[in-house]
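Structure file entry09.cif with mmCIF, C-alpha atoms (C1' of nucleotides):
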data_input
#
loop_
_atom_site.label_atom_id
_atom_site.label_comp_id
_atom_site.auth_asym_id
_atom_site.auth_seq_id
_atom_site.Cartn_x
_atom_site.Cartn_y
_atom_site.Cartn_z
CA MET A 1 27.85 104.98 83.06
CA GLY A 2 27.28 103.33 86.40
CA TYR A 3 27.77 100.02 88.12
CA LYS A 4 27.42 96.62 86.50
CA LEU A 5 27.53 93.43 88.57
CA LEU A 6 29.54 90.84 86.62
CA LYS A 7 29.64 87.94 89.02
CA SER A 8 29.13 87.15 92.67
CA GLU A 9 30.25 84.49 95.11
CA LYS A 10 27.92 84.45 98.11
CA ASN A 11 27.87 88.16 99.08
CA ALA A 12 31.20 89.02 97.42
CA ARG A 13 30.70 91.03 94.24
CA ARG A 14 32.80 91.36 91.08
CA GLY A 15 31.78 94.40 89.06
CA GLU A 16 32.61 97.26 86.74
CA PHE A 17 31.96 100.87 87.57
CA THR A 18 31.98 103.09 84.50
CA THR A 19 32.55 106.83 84.82
CA VAL A 20 33.29 109.71 82.48
CA HIS A 21 36.99 109.21 83.32
CA GLY A 22 37.09 105.47 82.67
CA THR A 23 35.96 102.15 84.09
CA VAL A 24 36.91 100.89 87.54
CA GLN A 25 37.17 97.14 88.09
CA THR A 26 35.71 96.28 91.49
CA PRO A 27 36.39 95.41 94.21
CA ALA A 28 38.92 98.24 94.14
CA PHE A 29 41.18 100.07 96.54
CA MET A 30 41.39 103.83 95.97
CA ASN A 31 44.79 105.42 96.60
CA VAL A 32 44.77 108.38 98.98
CA ALA A 33 46.29 111.65 97.71
CA THR A 34 44.73 114.11 100.16
CA CYS A 35 46.35 117.27 98.82
CA GLY A 36 46.53 116.13 95.21
CA ALA A 37 49.61 113.96 95.63
CA ILE A 38 50.38 110.65 97.26
CA LYS A 39 52.63 111.44 100.19
CA GLY A 40 56.14 110.09 99.75
CA ALA A 41 57.00 111.63 96.38
CA VAL A 42 54.80 109.38 94.23
CA SER A 43 53.67 111.04 90.99
CA ALA A 44 50.68 110.45 88.74
CA TYR A 45 53.15 108.83 86.36
CA ASP A 46 54.24 106.38 89.10
CA MET A 47 50.61 105.57 89.88
CA MET A 48 50.26 104.01 86.43
CA ASP A 49 53.06 101.56 87.37
CA LEU A 50 51.32 100.90 90.68
CA ARG A 51 48.12 99.88 88.87
CA THR A 52 46.14 102.54 90.66
CA GLN A 53 42.56 102.80 89.44
CA VAL A 54 41.18 105.71 91.47
CA MET A 55 42.92 108.62 93.19
CA LEU A 56 41.26 110.08 96.27
CA CYS A 57 41.65 113.77 97.13
CA ASN A 58 40.24 115.88 99.94
CA THR A 59 37.83 118.79 99.59
CA TYR A 60 38.73 120.49 102.84
CA HIS A 61 42.49 120.40 102.26
CA LEU A 62 42.32 121.49 98.61
CA HIS A 63 39.88 124.26 99.48
CA LEU A 64 42.43 125.70 101.92
CA ARG A 65 45.36 125.18 99.56
CA PRO A 66 45.68 125.86 96.64
CA GLY A 67 41.99 126.88 96.66
CA ASP A 68 39.24 125.26 94.60
CA GLU A 69 38.63 128.43 92.53
CA ASN A 70 42.27 128.29 91.58
CA VAL A 71 42.02 124.62 90.56
CA ARG A 72 38.93 125.41 88.51
CA GLU A 73 40.78 128.16 86.62
CA LEU A 74 43.57 125.69 85.95
CA GLY A 75 41.11 123.31 84.33
CA GLY A 76 40.16 121.02 87.22
CA LEU A 77 41.95 118.39 89.30
CA HIS A 78 42.63 116.01 86.42
CA LYS A 79 44.52 118.59 84.42
CA PHE A 80 46.11 120.05 87.55
CA THR A 81 47.52 116.77 88.87
CA GLY A 82 48.16 115.01 85.58
CA TRP A 83 45.95 112.07 86.59
CA ASP A 84 43.33 111.44 83.91
CA LYS A 85 41.60 108.44 85.49
CA PRO A 86 38.79 108.60 88.07
CA ILE A 87 39.21 110.88 91.07
CA LEU A 88 37.02 110.72 94.16
CA THR A 89 36.92 113.75 96.42
CA ASP A 90 36.11 113.27 100.07
CA SER A 91 33.74 115.98 101.23
CA GLY A 92 35.47 117.39 104.29
CA GLY A 93 33.06 115.54 106.56
CA PHE A 94 35.85 113.49 108.05
CA GLN A 95 37.70 116.66 109.02
CA VAL A 96 34.66 117.56 111.14
CA PHE A 97 35.69 114.51 113.10
CA SER A 98 39.48 114.58 112.90
CA LEU A 99 39.83 118.33 113.51
CA ALA A 100 37.23 118.27 116.27
CA SER A 101 38.96 120.82 118.48
CA LEU A 102 38.72 123.44 115.75
CA ARG A 103 35.06 123.21 114.70
CA LYS A 104 31.50 124.06 115.57
CA ILE A 105 28.63 122.10 114.00
CA LYS A 106 25.32 123.86 113.29
CA GLU A 107 22.26 123.08 111.21
CA GLU A 108 23.55 125.15 108.27
CA GLY A 109 26.98 123.48 108.30
CA VAL A 110 30.32 123.51 110.08
CA TYR A 111 32.51 126.40 111.17
CA PHE A 112 36.20 125.49 111.08
CA ALA A 113 39.34 127.28 112.04
CA SER A 114 41.92 126.54 109.35
CA HIS A 115 44.69 124.31 110.67
CA ILE A 116 47.11 126.21 108.43
CA ASP A 117 46.59 129.81 109.50
CA GLY A 118 43.66 129.82 111.93
CA ARG A 119 41.40 131.63 109.44
CA ARG A 120 37.72 130.97 110.16
CA ILE A 121 35.90 129.20 107.37
CA PHE A 122 32.43 127.83 106.89
CA MET A 123 31.49 124.66 105.05
CA GLY A 124 27.97 123.38 104.59
CA PRO A 125 26.48 120.98 102.05
CA GLU A 126 26.24 123.65 99.33
CA GLU A 127 29.78 124.87 99.90
CA SER A 128 31.16 121.32 99.82
CA MET A 129 29.36 120.60 96.53
CA GLN A 130 30.51 123.91 95.05
CA ILE A 131 34.11 123.17 95.99
CA GLN A 132 33.97 119.61 94.64
CA SER A 133 32.37 120.90 91.46
CA ASN A 134 35.18 123.41 91.06
CA LEU A 135 37.69 120.62 91.58
CA GLY A 136 35.86 118.66 88.87
CA SER A 137 36.35 115.26 90.45
CA THR A 138 34.72 112.15 88.99
CA ILE A 139 32.88 111.35 92.19
CA ALA A 140 31.87 113.81 94.90
CA MET A 141 31.06 112.64 98.40
CA ALA A 142 28.13 114.00 100.38
CA PHE A 143 28.94 116.38 103.20
CA ASP A 144 28.35 114.45 106.43
CA GLU A 145 29.30 114.31 110.06
CA CYS A 146 31.52 111.37 111.04
CA VAL A 147 30.73 110.70 114.69
CA GLU A 148 33.39 109.13 116.90
CA ASN A 149 32.56 105.78 118.52
CA PRO A 150 31.33 105.05 121.08
CA ALA A 151 28.56 107.66 120.88
CA GLU A 152 25.37 108.19 122.87
CA LEU A 153 22.25 107.04 121.05
CA ASP A 154 20.64 110.47 121.39
CA TYR A 155 23.53 112.25 119.74
CA ALA A 156 23.95 109.56 117.07
CA LYS A 157 20.29 109.99 116.14
CA LEU A 158 20.41 113.80 116.08
CA SER A 159 23.61 113.81 114.00
CA CYS A 160 22.30 111.17 111.65
CA GLU A 161 19.07 113.06 110.93
CA ARG A 162 21.00 116.26 110.31
CA THR A 163 23.31 114.42 107.92
CA VAL A 164 20.26 113.23 105.97
CA ARG A 165 18.98 116.81 105.70
CA TRP A 166 22.47 117.80 104.51
CA LEU A 167 22.41 114.98 101.93
CA ILE A 168 19.14 116.28 100.44
CA ARG A 169 20.75 119.71 100.13
CA CYS A 170 23.87 118.13 98.58
CA LYS A 171 21.84 116.33 95.94
CA LYS A 172 19.88 119.45 95.05
CA GLU A 173 23.02 121.56 94.78
CA MET A 174 24.90 118.95 92.77
CA ASP A 175 22.00 118.71 90.27
CA ARG A 176 22.05 122.49 89.93
CA LEU A 177 25.83 122.66 89.42
CA ASN A 178 25.83 119.82 86.86
CA SER A 179 23.20 121.72 84.85
CA LEU A 180 25.43 124.79 84.48
CA GLU A 181 27.28 125.18 81.18
CA ASP A 182 30.63 126.24 82.62
CA THR A 183 30.90 123.43 85.18
CA VAL A 184 34.26 121.58 84.93
CA ASN A 185 32.72 118.08 85.01
CA ARG A 186 28.97 118.12 84.27
CA ASP A 187 28.82 114.35 84.75
CA GLN A 188 30.08 114.54 88.32
CA MET A 189 28.66 111.71 90.41
CA LEU A 190 27.44 111.96 93.99
CA PHE A 191 27.71 109.25 96.65
CA GLY A 192 25.59 109.34 99.81
CA ILE A 193 27.02 108.29 103.15
CA ASN A 194 25.39 105.98 105.67
CA GLN A 195 25.83 106.92 109.34
CA GLY A 196 24.34 105.77 112.64
CA CYS A 197 27.34 104.80 114.74
CA THR A 198 27.11 101.23 116.04
CA TYR A 199 23.30 101.17 116.32
CA ASP A 200 21.95 98.62 113.82
CA LYS A 201 18.43 100.04 113.79
CA LEU A 202 19.67 103.59 113.22
CA ARG A 203 22.02 102.40 110.49
CA ILE A 204 19.26 100.51 108.64
CA GLU A 205 16.74 103.36 108.90
CA ASN A 206 19.39 105.75 107.63
CA MET A 207 20.33 103.50 104.72
CA CYS A 208 16.67 103.20 103.69
CA ARG A 209 16.28 106.96 103.69
CA ILE A 210 19.41 107.78 101.71
CA THR A 211 18.76 105.12 99.07
CA GLU A 212 15.42 106.81 98.30
CA LEU A 213 17.47 109.60 96.71
CA ASP A 214 18.80 107.50 93.80
CA LEU A 215 22.44 108.53 94.09
CA ASP A 216 25.37 107.15 92.05
CA GLY A 217 26.73 105.09 94.91
CA TYR A 218 26.46 104.52 98.64
CA ALA A 219 29.17 104.73 101.22
CA ILE A 220 29.28 103.36 104.74
CA GLY A 221 30.96 105.98 106.88
CA GLY A 222 31.72 106.41 110.54
CA LEU A 223 33.35 103.00 110.94
CA ALA A 224 36.90 102.13 111.98
CA VAL A 225 36.77 105.16 114.26
CA GLY A 226 37.23 103.51 117.63
CA GLU A 227 34.77 100.61 117.67
CA PRO A 228 35.82 96.92 117.80
CA LYS A 229 36.14 95.37 114.34
CA GLU A 230 33.38 92.88 115.18
CA ASP A 231 31.00 95.87 115.45
CA MET A 232 32.18 97.11 112.07
CA TYR A 233 31.53 93.74 110.41
CA ARG A 234 28.12 93.46 112.10
CA ILE A 235 27.07 96.91 110.84
CA ILE A 236 28.18 96.14 107.28
CA SER A 237 26.18 92.91 107.28
CA ALA A 238 23.18 94.73 108.76
CA VAL A 239 22.95 97.50 106.15
CA GLU A 240 24.15 95.61 103.07
CA PRO A 241 20.74 94.11 102.18
CA TYR A 242 19.28 97.62 101.98
CA ILE A 243 21.76 98.95 99.40
CA PRO A 244 20.53 98.66 95.78
CA LYS A 245 22.38 95.85 93.98
CA ASN A 246 23.03 98.07 90.96
CA LYS A 247 25.04 100.68 92.87
CA PRO A 248 28.63 100.55 94.14
CA ARG A 249 29.19 100.29 97.89
CA TYR A 250 32.11 102.11 99.42
CA LEU A 251 33.42 101.45 102.93
CA MET A 252 35.18 104.66 103.88
CA GLY A 253 38.62 104.67 105.44
CA VAL A 254 39.07 100.90 105.72
CA GLY A 255 41.48 99.32 106.27
CA THR A 256 43.87 96.47 106.88
CA PRO A 257 44.10 93.70 104.25
CA GLY A 258 42.11 91.48 106.62
CA ASN A 259 39.42 94.15 107.08
CA ILE A 260 39.13 94.42 103.30
CA LEU A 261 38.77 90.66 102.77
CA GLU A 262 36.09 90.44 105.45
CA SER A 263 34.24 93.44 104.06
CA ILE A 264 34.29 92.16 100.48
CA SER A 265 32.78 88.91 101.71
CA ARG A 266 29.98 91.10 103.13
CA GLY A 267 29.32 92.85 99.81
CA VAL A 268 31.58 95.94 99.72
CA ASP A 269 33.05 97.14 96.39
CA LEU A 270 35.25 100.15 97.14
CA PHE A 271 37.79 101.04 99.82
CA ASP A 272 40.28 103.70 100.70
CA CYS A 273 42.72 103.96 103.56
CA VAL A 274 45.84 105.89 104.53
CA MET A 275 47.31 102.77 106.08
CA PRO A 276 49.44 101.50 103.18
CA SER A 277 50.96 104.92 102.52
CA ARG A 278 51.30 106.16 106.09
CA ASN A 279 52.70 102.88 107.41
CA ALA A 280 55.14 102.68 104.51
CA ARG A 281 56.58 106.04 105.53
CA HIS A 282 57.38 104.49 108.91
CA GLY A 283 58.87 101.30 107.50
CA HIS A 284 55.86 99.04 108.07
CA LEU A 285 55.39 96.99 104.94
CA PHE A 286 52.74 94.54 103.81
CA THR A 287 53.63 91.20 102.25
CA MET A 288 51.67 88.06 101.41
CA GLU A 289 53.47 86.44 104.38
CA GLY A 290 52.47 89.19 106.81
CA ILE A 291 53.70 92.56 108.06
CA ILE A 292 57.37 93.46 108.42
CA ASN A 293 59.09 96.47 110.05
CA LEU A 294 62.07 97.39 107.90
CA ASN A 295 63.63 99.40 110.73
CA ASN A 296 64.42 96.18 112.57
CA ALA A 297 68.14 95.40 112.68
CA LYS A 298 67.53 91.87 111.43
CA TYR A 299 66.99 93.29 107.93
CA SER A 300 70.38 95.02 107.75
CA HIS A 301 71.95 92.03 105.99
CA ASP A 302 68.84 90.72 104.26
CA LEU A 303 69.38 90.69 100.49
CA SER A 304 65.88 89.45 99.69
CA PRO A 305 63.19 91.85 98.43
CA ILE A 306 60.37 93.05 100.69
CA ASP A 307 58.12 90.31 99.28
CA GLU A 308 59.48 87.44 97.18
CA SER A 309 56.19 87.11 95.34
CA CYS A 310 55.87 90.83 94.52
CA ASP A 311 56.84 92.34 91.17
CA CYS A 312 56.49 96.02 92.10
CA PRO A 313 59.26 98.42 90.97
CA THR A 314 60.79 98.34 94.47
CA CYS A 315 60.84 94.56 94.87
CA ARG A 316 62.16 94.03 91.35
CA LYS A 317 65.26 96.08 92.09
CA HIS A 318 65.97 96.57 95.80
CA SER A 319 66.77 94.50 98.88
CA ARG A 320 65.49 94.81 102.44
CA ALA A 321 69.06 95.60 103.49
CA TYR A 322 69.21 98.61 101.16
CA LEU A 323 65.80 99.90 102.26
CA HIS A 324 66.77 99.39 105.92
CA HIS A 325 69.85 101.51 105.26
CA LEU A 326 67.80 104.24 103.55
CA PHE A 327 65.51 104.48 106.60
CA LYS A 328 68.45 104.67 108.99
CA ALA A 329 70.08 107.34 106.84
CA LYS A 330 66.74 109.18 106.64
CA GLU A 331 66.92 109.29 102.87
CA MET A 332 63.61 110.33 101.30
CA LEU A 333 64.01 107.51 98.80
CA ALA A 334 63.14 105.11 101.62
CA MET A 335 59.63 106.52 101.83
CA ARG A 336 59.12 106.69 98.11
CA LEU A 337 60.17 103.09 97.49
CA CYS A 338 58.16 101.76 100.43
CA VAL A 339 55.00 103.74 99.66
CA MET A 340 55.22 102.40 96.11
CA HIS A 341 55.49 98.84 97.41
CA ASN A 342 52.59 99.11 99.84
CA LEU A 343 50.25 100.70 97.29
CA TYR A 344 51.23 98.13 94.69
CA PHE A 345 50.61 95.45 97.30
CA TYR A 346 47.09 96.74 98.02
CA ASN A 347 46.28 97.25 94.34
CA SER A 348 47.51 93.80 93.36
CA LEU A 349 45.77 92.22 96.35
CA MET A 350 42.54 93.63 94.92
CA GLU A 351 43.44 92.14 91.55
CA LYS A 352 43.94 88.74 93.16
CA ILE A 353 40.59 89.10 94.88
CA ARG A 354 38.84 90.01 91.62
CA THR A 355 40.38 86.99 89.90
CA ALA A 356 39.31 84.78 92.81
CA ILE A 357 35.71 85.96 92.59
CA ASP A 358 35.81 85.45 88.81
CA ASN A 359 36.94 81.87 89.42
CA GLY A 360 34.59 81.23 92.33
CA THR A 361 37.53 80.72 94.73
CA PHE A 362 37.24 83.87 96.83
CA GLU A 363 36.05 82.09 99.96
CA ASN A 364 39.15 79.87 99.89
CA PHE A 365 41.40 82.83 99.21
CA LYS A 366 39.90 84.78 102.09
CA ASN A 367 40.22 81.92 104.56
CA ARG A 368 43.80 81.31 103.48
CA TYR A 369 44.98 84.91 103.96
CA VAL A 370 42.63 86.85 106.23
CA GLU A 371 44.64 86.29 109.41
CA GLN A 372 48.09 86.01 107.86
CA LEU A 373 48.08 89.38 106.06
CA ASP A 374 47.41 91.32 109.27
CA THR A 375 50.02 89.45 111.32
CA ARG A 376 53.56 90.58 111.99
CA ILE A 377 56.35 88.25 110.97
"C1'" G B 1 110.64 110.73 127.66
"C1'" U B 2 108.08 115.41 129.96
"C1'" G B 3 103.61 118.16 131.01
"C1'" G B 4 98.35 118.37 130.73
"C1'" G B 5 93.34 116.40 129.69
"C1'" U B 6 89.85 112.35 129.50
"C1'" A B 7 87.81 107.41 131.16
"C1'" U B 8 79.77 106.70 132.95
"C1'" A B 9 74.74 101.37 128.50
"C1'" G B 10 76.53 99.23 121.62
"C1'" C B 11 77.89 104.71 120.24
"C1'" G B 12 77.90 110.01 121.80
"C1'" U B 13 77.27 112.57 126.24
"C1'" A B 14 74.97 114.82 131.32
"C1'" G B 15 75.79 114.19 136.19
"C1'" U B 16 80.75 118.66 142.39
"C1'" U B 17 79.92 122.42 148.54
"C1'" G B 18 80.27 113.44 148.41
"C1'" G B 19 73.80 111.43 150.31
"C1'" U B 20 68.11 106.89 148.75
"C1'" U B 21 65.92 103.03 142.46
"C1'" A B 22 72.88 107.11 137.85
"C1'" A B 23 69.95 111.02 133.44
"C1'" C B 24 69.58 112.16 128.00
"C1'" G B 25 70.09 111.48 122.56
"C1'" C B 26 71.11 107.83 118.86
"C1'" G B 27 70.99 102.61 118.33
"C1'" U B 28 68.38 97.84 119.84
"C1'" C B 29 63.62 95.35 120.95
"C1'" A B 30 58.23 95.44 121.18
"C1'" G B 31 53.62 97.76 120.30
"C1'" U B 32 50.31 101.55 117.95
"C1'" U B 33 48.72 103.82 113.17
"C1'" U B 34 41.92 102.63 109.38
"C1'" G B 35 37.20 109.05 104.52
"C1'" U B 36 46.16 111.56 106.29
"C1'" G B 37 46.63 118.46 110.65
"C1'" G B 38 54.11 115.11 106.59
"C1'" C B 39 57.08 111.97 107.83
"C1'" A B 40 55.30 109.95 113.90
"C1'" C B 41 53.63 108.20 118.84
"C1'" U B 42 53.84 104.73 123.31
"C1'" G B 43 56.54 101.41 126.01
"C1'" A B 44 60.77 97.99 127.29
"C1'" A B 45 65.60 96.09 127.74
"C1'" G B 46 70.51 97.63 128.36
"C1'" A B 47 75.74 100.48 133.17
"C1'" C B 48 79.31 95.91 138.91
"C1'" C B 49 80.23 104.70 136.57
"C1'" G B 50 88.47 102.05 133.21
"C1'" U B 51 91.30 98.69 137.13
"C1'" C B 52 93.15 98.19 142.10
"C1'" G B 53 93.56 100.42 146.71
"C1'" G B 54 92.63 104.56 150.22
"C1'" U B 55 89.65 108.60 152.91
"C1'" U B 56 84.39 108.59 154.83
"C1'" C B 57 78.67 106.43 158.29
"C1'" G B 58 78.29 106.93 152.87
"C1'" A B 59 82.24 107.68 146.61
"C1'" A B 60 80.44 108.17 139.51
"C1'" U B 61 81.91 112.53 142.55
"C1'" C B 62 87.78 113.35 147.02
"C1'" C B 63 93.12 111.03 147.14
"C1'" G B 64 97.02 107.52 145.19
"C1'" A B 65 98.89 103.91 141.86
"C1'" C B 66 98.13 101.36 137.45
"C1'" U B 67 95.98 100.81 132.46
"C1'" A B 68 93.95 102.94 128.06
"C1'" U B 69 93.39 107.12 125.08
"C1'" C B 70 93.93 112.29 123.32
"C1'" C B 71 96.75 116.99 123.03
"C1'" A B 72 101.22 119.78 123.50
"C1'" C B 73 106.41 119.76 123.97
"C1'" C B 74 111.06 117.08 123.49
#
As structure tokens - that is how I would like this structure written.
Amino acid sequence: MGYKLLKSEKNARRGEFTTVHGTVQTPAFMNVATCGAIKGAVSAYDMMDLRTQVMLCNTYHLHLRPGDENVRELGGLHKFTGWDKPILTDSGGFQVFSLASLRKIKEEGVYFASHIDGRRIFMGPEESMQIQSNLGSTIAMAFDECVENPAELDYAKLSCERTVRWLIRCKKEMDRLNSLEDTVNRDQMLFGINQGCTYDKLRIENMCRITELDLDGYAIGGLAVGEPKEDMYRIISAVEPYIPKNKPRYLMGVGTPGNILESISRGVDLFDCVMPSRNARHGHLFTMEGIINLNNAKYSHDLSPIDESCDCPTCRKHSRAYLHHLFKAKEMLAMRLCVMHNLYFYNSLMEKIRTAIDNGTFENFKNRYVEQLDTRI
RNA sequence: GUGGGUAUAGCGUAGUUGGUUAACGCGUCAGUUUGUGGCACUGAAGACCGUCGGUUCGAAUCCGACUAUCCACC
């Protein structure tokens, strides 16, 4: 159990992360399934074809519906969703940020108004751990506050210190829950989350404090939320030396293929992002040549696949012209086929990156593709 | 052939007591999307208002002819 560094090229790391639900080859991209399903009608069965390694679900959303107690009675998220490989649950901390108009943050935790029915609910560190324990995910995330950038130093500091106090409570509660006999997954892991906005000093101090707790992994949160990408890269480089080498590093919510290449070169192992799935639903597709928008009329007579070099189920069978038609006709198949392509693209990009690090050619690979993959063609 | 209706952007339409830069939807084009509040958001281009003539200071709007098209009847 745990992370094993296999090889490195400069700061880029090739590793294996072993969990009770199987081993994850890193660097890896985790596929987002907020409510227990990848949006766009993609099933757990499909995810095997897409070479998905980790599914990511959301504590806040599953707590509201269908309810974590309910999932626990049904045997946990793995049994419930039919996905037997690793599952990471996000803690609900991001919803503190994204649902900002509906919440009140206090020392004990956060008061939300449900976005579904307006019902008032409370979530603090203990509640988040209890919910994630009921869900029985492989990896639970600490309950944190994700502060929007730019933020005042005073608030960043106050929020950051409170998040550390919450993390200590998370760790204590998770240890307690894992010791109980009737817990769904008694080997549930806990990742801490680094915060501190764009203040290097705050970030480093925070990282030093959270790594004292000996958690199963460390995440960098609160990035890609409004700051320039140069700031994001600078922060990653600033905190990376303070993360233990024998623990996985997870950059939350990032990002574009270019962001991922840059971040791996700075020592990150795990990623997740809604971009491949959300953009696919709007016809924006990733290819090794760059980004295309399938809604454009120029694809209406294009018999080539989305990406000539891709062997995903969509590219093996269907043309751009057909997919363009499905979008125009508002057929749900358009979304399904395109989400499958984009996730396969991200997952196989990670495979290419792992092979490159294995072969010591990652730097070349990065320089070759970092600009191209984020550019429209 | 007779009577009636219609003619405004690529398509479908709005636009009368005649009054400055003719509106909307779809489509087109471009951009946005980063721990997902379910399928979006922002912007741009595009019209000598069927043709010709008339009335008027002024016509998409009123009048006439023509053309096209639809309906009904022969």
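Our summary of the geometry notes that atom C1' of G64 of chain B is positioned 18.1 Å from atom C1' of G4 of chain B.
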Closest contacts (chain B/chain A, max 9 Å, all atoms listed in the file) as JSON lines:
{"residue": "B:U28", "atom": "C1'", "partner": "A:Ala297", "partner_atom": "CA", "distance": 7.6}
{"residue": "B:C29", "atom": "C1'", "partner": "A:Asn296", "partner_atom": "CA", "distance": 8.5}
{"residue": "B:U33", "atom": "C1'", "partner": "A:Asn279", "partner_atom": "CA", "distance": 7.1}
{"residue": "B:U34", "atom": "C1'", "partner": "A:Gly255", "partner_atom": "CA", "distance": 4.6}
{"residue": "B:G35", "atom": "C1'", "partner": "A:Gly253", "partner_atom": "CA", "distance": 4.7}
{"residue": "B:U36", "atom": "C1'", "partner": "A:Val274", "partner_atom": "CA", "distance": 5.9}
{"residue": "B:G37", "atom": "C1'", "partner": "A:His115", "partner_atom": "CA", "distance": 6.2}
{"residue": "B:G38", "atom": "C1'", "partner": "A:Lys39", "partner_atom": "CA", "distance": 7.5}
{"residue": "B:C39", "atom": "C1'", "partner": "A:Arg281", "partner_atom": "CA", "distance": 6.4}
{"residue": "B:A40", "atom": "C1'", "partner": "A:His282", "partner_atom": "CA", "distance": 7.7}
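Atom CA of Phe327 of chain A is found 14.8 Å from atom CA of Met340 of chain A.
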- request: Excluding segment 11-15 of chain B and residues on its chain fewer than 5 positions from it, collect all residues at most 12 Å away from it, counting only C-alpha atoms (C1' of nucleotides), and give them as a ChimeraX atom specification.
  value: /B:22-28,49,60-61
message: Once the PyMOL selection byres ((chain A and resi 66) around 12) has been evaluated on this model, what residues remain selected, and can you format them as a VMD selection string?
response: chain A and resid 35 to 36 58 to 65 67 to 74 76 to 77 80 116 131 135
